[in-house]
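Here the structure comes first, spelled out in structure tokens, and everything after it is commentary.
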Amino acid sequence: MIEFVLYATMSEQQPPQISQQDYRNIDAAFTYLMSPQVVQDSGGRIPRPFSAQAAAGLLGSWAVETGDPNLMQLDVVERGYAAGRGLSQYTGPRRKAYDSQRESWMRTGLDPNLMSSQLLYFAQEYGGQHDPNGASLSGYTRAFDNPDRFGSASEASEYFTRTYFKPSIPHYDRRAEEAERMYTRFKQKQLEKRPTSMGYFI
């Protein structure tokens, strides 16, 4: 399994105070979603790794769902009706399953804000591994059947909003903007890894 060393603290009362330059969780999420690990953790319900555009579309929606542009505050509780919680703002029976897993994390001393834990739960939950009856809690949407089919991050964010998140107020424009910001970060990271003609990294 891919291991992420990520740190964050939870505060349900105050907005996150995170530097706009802190991309640890964003970079870790790109690595996970674009790797075979997400396929394995979903039990094959996600059939292939995400493309960069699809991953950015999902990350953009997560930024809107959690209210944190850097995805450092993940175990957050939604205000108002339905009161979703966690990276994907799980509600209803999905919230009950998430709360059960969260209690398990807390008993073992694991921080619910760790991106690695939230990503693993996302993949497992989509594959039905947290449903008490063995059925998929979210996989019936088939939202991630083709995680490499999108031409842009904003296209992916709109599709995932309609098929996976299904919010009462979709905020498509905000999600598209965040998705494109995430994709820009991904491209920037690739440039940082690219060696220069002198053999140094830029």
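For the structure tokens, the naming scheme is as follows: chains receive sequential letters (A, B, ...) according to their order of presentation, residues are indexed from 1 within each chain, and ligands are indexed from 1 in presentation order.
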Show me, as a ChimeraX atom specification, the residues that have an atom within 9 Å of Phe160 of chain A when counting only C-alpha atoms, minus same-chain residues fewer than 3 positions from it. /A:54,57-58,61,143-144,155-157,163-166
Tell me, which residues of chain A carry DSSP alpha helix (DSSP H), written as a VMD selection string? chain A and resid 24 to 33 37 to 41 52 to 66 92 to 107 115 to 126 153 to 160 172 to 193
Out of A:Leu110, A:Arg142, A:Tyr121, A:Ser168, which residue has the shortest atom-to-atom distance to Val38 of chain A when counting only C-alpha atoms? A:Tyr121
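The shell of residues at most 10 Å from Ala97 of chain A, with only C-alpha atoms counted and near chain neighbours (fewer than 2 positions) removed, consists of Tyr90, Thr91, Gly92, Pro93, Arg94, Arg95, Asp99, Ser100, Gln101, Arg102, Glu125, Gln129, His130, Asp131, Pro132 and Leu137 of chain A.
With only C-alpha atoms as the atoms that count, the minimum distance from Leu119 of chain A to the choices A:Thr184, A:Ala52, A:Leu71, A:Phe150 is reached by A:Leu71.
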Pick from A:Gly139, A:Pro170, A:Gly84, A:Pro49, whichever lies nearest to Thr31 of chain A using only C-alpha atoms: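 Closest residue, counting only C-alpha atoms: A:Pro49.
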Neighbour list for Asn25 of chain A as JSON, numbers by chain, cut-off 8 Å, only C-alpha atoms, skip fewer than 6 positions in-chain: {"A": [6, 70, 71, 72, 115]}
